[in-house]
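Enquirer: The structure follows.
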Amino acid sequence: MGLATFVCKIVINVFMSGKEIIDLAPLQGFTDFVFRRCHHQVFGSIDTYYIPYISVGKGKKIRNSQYRDVLPENNQGIPVVPQVLCANVDELRLLADELKQLNYSSVNLNLGCPYPMATKRGRGTGLLENDEMLRAVLDCLFSDYDFQVSVKFRSGLVDDQTIFKEIDTLAAYPFSQLIFHPRTARQMYKGQANRDLFVRLASELNRPLVYNGDLANAGDLDAIQQAVAGQHHWMIGRGVLINPLLVNQLKGEEFSDAQELNLKAQFHQLLLDNYREVLQDDGHVLLKMKQFWSYFSQSFENPAKVFKPIKKATKLARYMEIYPSILSM
């Protein structure tokens with residue numbers, strides 16, 4: 001055993017001395033019901049899968065793809081929480097009423113979407129910047145519905161100090177979870193998440209937070225635990241897209257290289273089979289698998305070399321010829 005492996009095992013053992021809760025972040029276009037269903041079946045390690053947001057589209061309706069993603073029949077046996085993206089009380093009511101009809105008991109409010117198409121409409125991080133409207137939305141959500149309400153937020157649109165101006169608002173409502181991704185919307189996913197902001201907010205808010213942002217190994221979690229005593233609740237997104245076994249490993253499971261590759265192959269095959277059944281269009285299936293591999297390839301040596309032939313494939317038949325050799329290395 002090499003020194004790096006030995007040190008990693010020590011970190012994992014120390015880290016795993018407490019009970020960790022690890023949820024999957026909602027990533028639009030990636031963690032849809034097919035992904036969630038397949039991941040849960042193969043790995044079963046995620047505590048809660050947060051469903052990518054539903055929002056009000058044209059004709060004051062939820063897009064069919066978003067609605068299909070929250071349908072209970074597509075999430076049977078999976079611990080899920082749906083997420084809503086809204087700009088005002090009217091939009092919230094439309095979304096909350098739909099989720100109520102589907103018998104959901106929990107909902108997550110998105111105050112972290114960084115994309116300009118959302119923020120310019122006052123949604124996501126745009127709503128975080130509008131304290132008066134945010135309080136109106138929260139008043140409605142807590143007074144007119146009986147959901148357990150969690151909230152996911154960033155540090156602000158441009159100024160990472162914005163979140164500290166919202167401490168009174170965050171403290172005024174009985175959220176079930178407060179999930180903080182310490183980046184601004186302008187940063188998107190670039191640079192490093194600012195862990196110092198998380199440490200400061202945890203101290204000033206004086207209540208448990210869920211940490212989200214740049215978690216790739218036990219050392220990342222341990223570093224935050226050193227700064228925030230008792231931190232045990234996490235949300236991981238891109239790390240799971242890259243390494244589907246990540247949460248299992250963070251919870252103390254160990255795999256040989258052969259076992260890891262076998263599980264990756266099982267997951268990939270199940271994902272491919274399910275997308276072919278659900279989408280029933282080779283072009284759409286190929287697009288989905290390319291999206292999947294844009295992250296998944298990063299778990300292999302020489303990711304660019306792995307992803308290049310997949311990216312170049314123009315037909316699903318060609319893709320079917322390429323992937324077996326990668327997953328049998």
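By convention in this document, the chains of the structure tokens carry letters A, B, ... by their order, each chain's residues are numbered from 1, and ligands are numbered from 1 in the order they are shown.
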Excluding Asn110 of chain A and residues on its chain fewer than 5 positions from it, collect all residues at most 10 Å away from it, counting only C-alpha atoms, and give them as an MDAnalysis selection string.
Expert: chainID A and resid 26 52:54 83:86 123:125 127:128 150:154 179
Enquirer: Name the residues in contact with Arg68 of chain A at a cut-off of 9 Å, using only C-alpha atoms, excluding same-chain residues fewer than 5 positions from it; report them as a PyMOL selection string.
Expert: chain A and resi 33+63+74
Enquirer: If you count only C-alpha atoms, which residues fall within 12 Å of Val247 of chain A, apart from same-chain ones fewer than 3 positions away, as a PDB file with C-alpha atoms, in the first residue's frame?
Expert:
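Resulting contents of selection10.pdb:
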ATOM      1  CA  ILE A  12     -11.779   8.119   5.551  1.00  0.00           C
ATOM      2  CA  MET A  16     -16.489   8.122   9.004  1.00  0.00           C
ATOM      3  CA  GLU A  20     -22.830  11.319   7.395  1.00  0.00           C
ATOM      4  CA  ILE A  21     -25.930  12.337   5.444  1.00  0.00           C
ATOM      5  CA  ILE A  22     -25.172  12.807   1.755  1.00  0.00           C
ATOM      6  CA  ASP A  23     -27.744  14.033  -0.762  1.00  0.00           C
ATOM      7  CA  LEU A  24     -27.615  14.371  -4.535  1.00  0.00           C
ATOM      8  CA  HIS A  39     -28.173   5.140  -9.514  1.00  0.00           C
ATOM      9  CA  HIS A  40     -30.399   4.107  -6.618  1.00  0.00           C
ATOM     10  CA  PHE A  43     -25.517   1.982  -5.556  1.00  0.00           C
ATOM     11  CA  GLY A  44     -28.285   2.746  -3.038  1.00  0.00           C
ATOM     12  CA  SER A  45     -26.048   5.168  -1.162  1.00  0.00           C
ATOM     13  CA  ILE A  46     -27.742   8.563  -1.551  1.00  0.00           C
ATOM     14  CA  ASP A  47     -29.891   9.681   1.383  1.00  0.00           C
ATOM     15  CA  THR A  48     -32.082  12.048  -0.657  1.00  0.00           C
ATOM     16  CA  LEU A 215     -16.767  17.777  -2.803  1.00  0.00           C
ATOM     17  CA  ALA A 216     -14.706  15.075  -4.490  1.00  0.00           C
ATOM     18  CA  ASN A 217     -13.157  13.020  -1.695  1.00  0.00           C
ATOM     19  CA  ALA A 218     -13.084  12.421   2.053  1.00  0.00           C
ATOM     20  CA  LEU A 221     -15.323  16.848   3.791  1.00  0.00           C
ATOM     21  CA  TRP A 234     -23.621  17.288   2.585  1.00  0.00           C
ATOM     22  CA  MET A 235     -24.926  17.679  -0.938  1.00  0.00           C
ATOM     23  CA  ILE A 236     -22.874  16.474  -3.896  1.00  0.00           C
ATOM     24  CA  GLY A 237     -23.612  17.029  -7.582  1.00  0.00           C
ATOM     25  CA  ARG A 238     -20.877  16.911 -10.189  1.00  0.00           C
ATOM     26  CA  GLY A 239     -18.736  14.633  -8.025  1.00  0.00           C
ATOM     27  CA  VAL A 240     -21.342  11.880  -8.374  1.00  0.00           C
ATOM     28  CA  LEU A 241     -21.642  12.459 -12.126  1.00  0.00           C
ATOM     29  CA  ILE A 242     -17.890  11.927 -12.394  1.00  0.00           C
ATOM     30  CA  ASN A 243     -17.708   9.024  -9.948  1.00  0.00           C
ATOM     31  CA  PRO A 244     -21.057   7.283  -9.317  1.00  0.00           C
ATOM     32  CA  LEU A 250     -17.390   8.439   1.466  1.00  0.00           C
ATOM     33  CA  LYS A 251     -19.583   6.249   3.658  1.00  0.00           C
ATOM     34  CA  GLY A 252     -16.742   3.797   4.139  1.00  0.00           C
ATOM     35  CA  GLU A 253     -17.208   1.175   1.425  1.00  0.00           C
ATOM     36  CA  GLU A 254     -14.062  -0.043  -0.289  1.00  0.00           C
TER      37      GLU A 254
END
Enquirer: Hey, can you check how far atom CA of Asp273 of chain A sits from atom CA of Ala258 of chain A?
Expert: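 Separating atom CA of Asp273 of chain A from atom CA of Ala258 of chain A is a distance of 22.4 Å.
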Enquirer: Within 9 Å of Leu157 of chain A, counting only C-alpha atoms, which residues show up once you throw out same-chain ones fewer than 6 positions away? Write them as a list in words, please.
Expert: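 After dropping sequence-adjacent residues, the list is Gly112, Pro114, Thr119, Thr125, Gly126, Leu128, Glu129, Arg183, Thr184, Ala185, Arg186 and Gln187 of chain A.
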Enquirer: Need to verify the contact set: segment 274-282 of chain A, 9 Å, only C-alpha atoms, exclusion of same-chain residues closer than 2 positions in sequence. Can you return it as a list in words?
Expert: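 That gives Val34, Phe35, Cys38, Gln269, Leu270, Leu271, Leu272, His284, Val285, Leu286, Leu287, Lys288, Met289, Lys315, Leu316 and Ala317 of chain A.
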Enquirer: Please measure the separation of atom CA of Leu170 of chain A and atom CA of Leu205 of chain A, giving the value in Å to one decimal.
Expert: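 Computing the Euclidean distance for atom CA of Leu170 of chain A and atom CA of Leu205 of chain A yields 8.1 Å.
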Enquirer: What lies within 12 Å of Asp97 of chain A using only C-alpha atoms, ignoring chain neighbours under 3 positions off, as JSON, numbers by chain?
Expert: {"A": [61, 62, 84, 89, 90, 91, 92, 93, 94, 100, 101, 102, 103, 104, 105, 107, 140, 141, 144, 145, 146, 147]}
Enquirer: List every residue of segment 111-306 of chain A that DSSP, applied to the backbone of this structure, places in strand (DSSP E or B), and write the result as a PyMOL selection string.
Expert: chain A and resi 111+148-153+156+177-180+184+210-212+233-236
Enquirer: Apply DSSP to the structure's backbone, then extract all residues of segment 26-100 of chain A labelled helix (DSSP H, G or I) and return them as a PyMOL selection string.
Expert: chain A and resi 33-42+58-60+64-70+72-74+89-100
Enquirer: Write the selection just made, keeping C-alpha atoms, as a PDB file, in the first residue's frame?
Expert:
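Writing done, so here's part_3.pdb:
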ATOM      1  CA  PHE A  33     -35.604  10.299 -13.072  1.00  0.00           C
ATOM      2  CA  VAL A  34     -33.784   7.778 -15.259  1.00  0.00           C
ATOM      3  CA  PHE A  35     -30.434   8.705 -13.705  1.00  0.00           C
ATOM      4  CA  ARG A  36     -31.876   8.703 -10.174  1.00  0.00           C
ATOM      5  CA  ARG A  37     -33.634   5.384 -10.641  1.00  0.00           C
ATOM      6  CA  CYS A  38     -30.558   3.663 -12.068  1.00  0.00           C
ATOM      7  CA  HIS A  39     -28.173   5.140  -9.514  1.00  0.00           C
ATOM      8  CA  HIS A  40     -30.399   4.107  -6.618  1.00  0.00           C
ATOM      9  CA  GLN A  41     -30.753   0.584  -8.006  1.00  0.00           C
ATOM     10  CA  VAL A  42     -27.014   0.005  -8.451  1.00  0.00           C
ATOM     11  CA  LYS A  58     -45.323  29.294 -21.607  1.00  0.00           C
ATOM     12  CA  GLY A  59     -49.047  29.380 -21.025  1.00  0.00           C
ATOM     13  CA  LYS A  60     -48.417  29.335 -17.275  1.00  0.00           C
ATOM     14  CA  ASN A  64     -43.853  18.297 -19.932  1.00  0.00           C
ATOM     15  CA  SER A  65     -40.306  17.059 -19.332  1.00  0.00           C
ATOM     16  CA  GLN A  66     -40.201  18.735 -15.914  1.00  0.00           C
ATOM     17  CA  TYR A  67     -43.631  17.438 -14.970  1.00  0.00           C
ATOM     18  CA  ARG A  68     -42.714  13.906 -16.020  1.00  0.00           C
ATOM     19  CA  ASP A  69     -39.630  14.118 -13.821  1.00  0.00           C
ATOM     20  CA  VAL A  70     -41.679  14.697 -10.650  1.00  0.00           C
ATOM     21  CA  PRO A  72     -44.554   9.715  -8.393  1.00  0.00           C
ATOM     22  CA  GLU A  73     -44.626   6.690 -10.711  1.00  0.00           C
ATOM     23  CA  ASN A  74     -41.217   7.706 -12.039  1.00  0.00           C
ATOM     24  CA  VAL A  89     -46.065  34.263  -5.270  1.00  0.00           C
ATOM     25  CA  ASP A  90     -48.237  33.513  -8.313  1.00  0.00           C
ATOM     26  CA  GLU A  91     -45.586  31.256  -9.819  1.00  0.00           C
ATOM     27  CA  LEU A  92     -45.012  29.597  -6.465  1.00  0.00           C
ATOM     28  CA  ARG A  93     -48.712  28.810  -6.045  1.00  0.00           C
ATOM     29  CA  LEU A  94     -48.944  27.181  -9.455  1.00  0.00           C
ATOM     30  CA  LEU A  95     -45.950  24.958  -8.718  1.00  0.00           C
ATOM     31  CA  ALA A  96     -46.857  24.197  -5.111  1.00  0.00           C
ATOM     32  CA  ASP A  97     -50.441  23.303  -6.052  1.00  0.00           C
ATOM     33  CA  GLU A  98     -49.165  20.783  -8.605  1.00  0.00           C
ATOM     34  CA  LEU A  99     -46.837  19.175  -6.074  1.00  0.00           C
ATOM     35  CA  LYS A 100     -49.622  19.075  -3.511  1.00  0.00           C
TER      36      LYS A 100
END
Enquirer: In Å to one decimal, how far is atom CA of Glu301 of chain A from atom CA of Pro324 of chain A?
Expert: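 It comes out at 16.0 Å.
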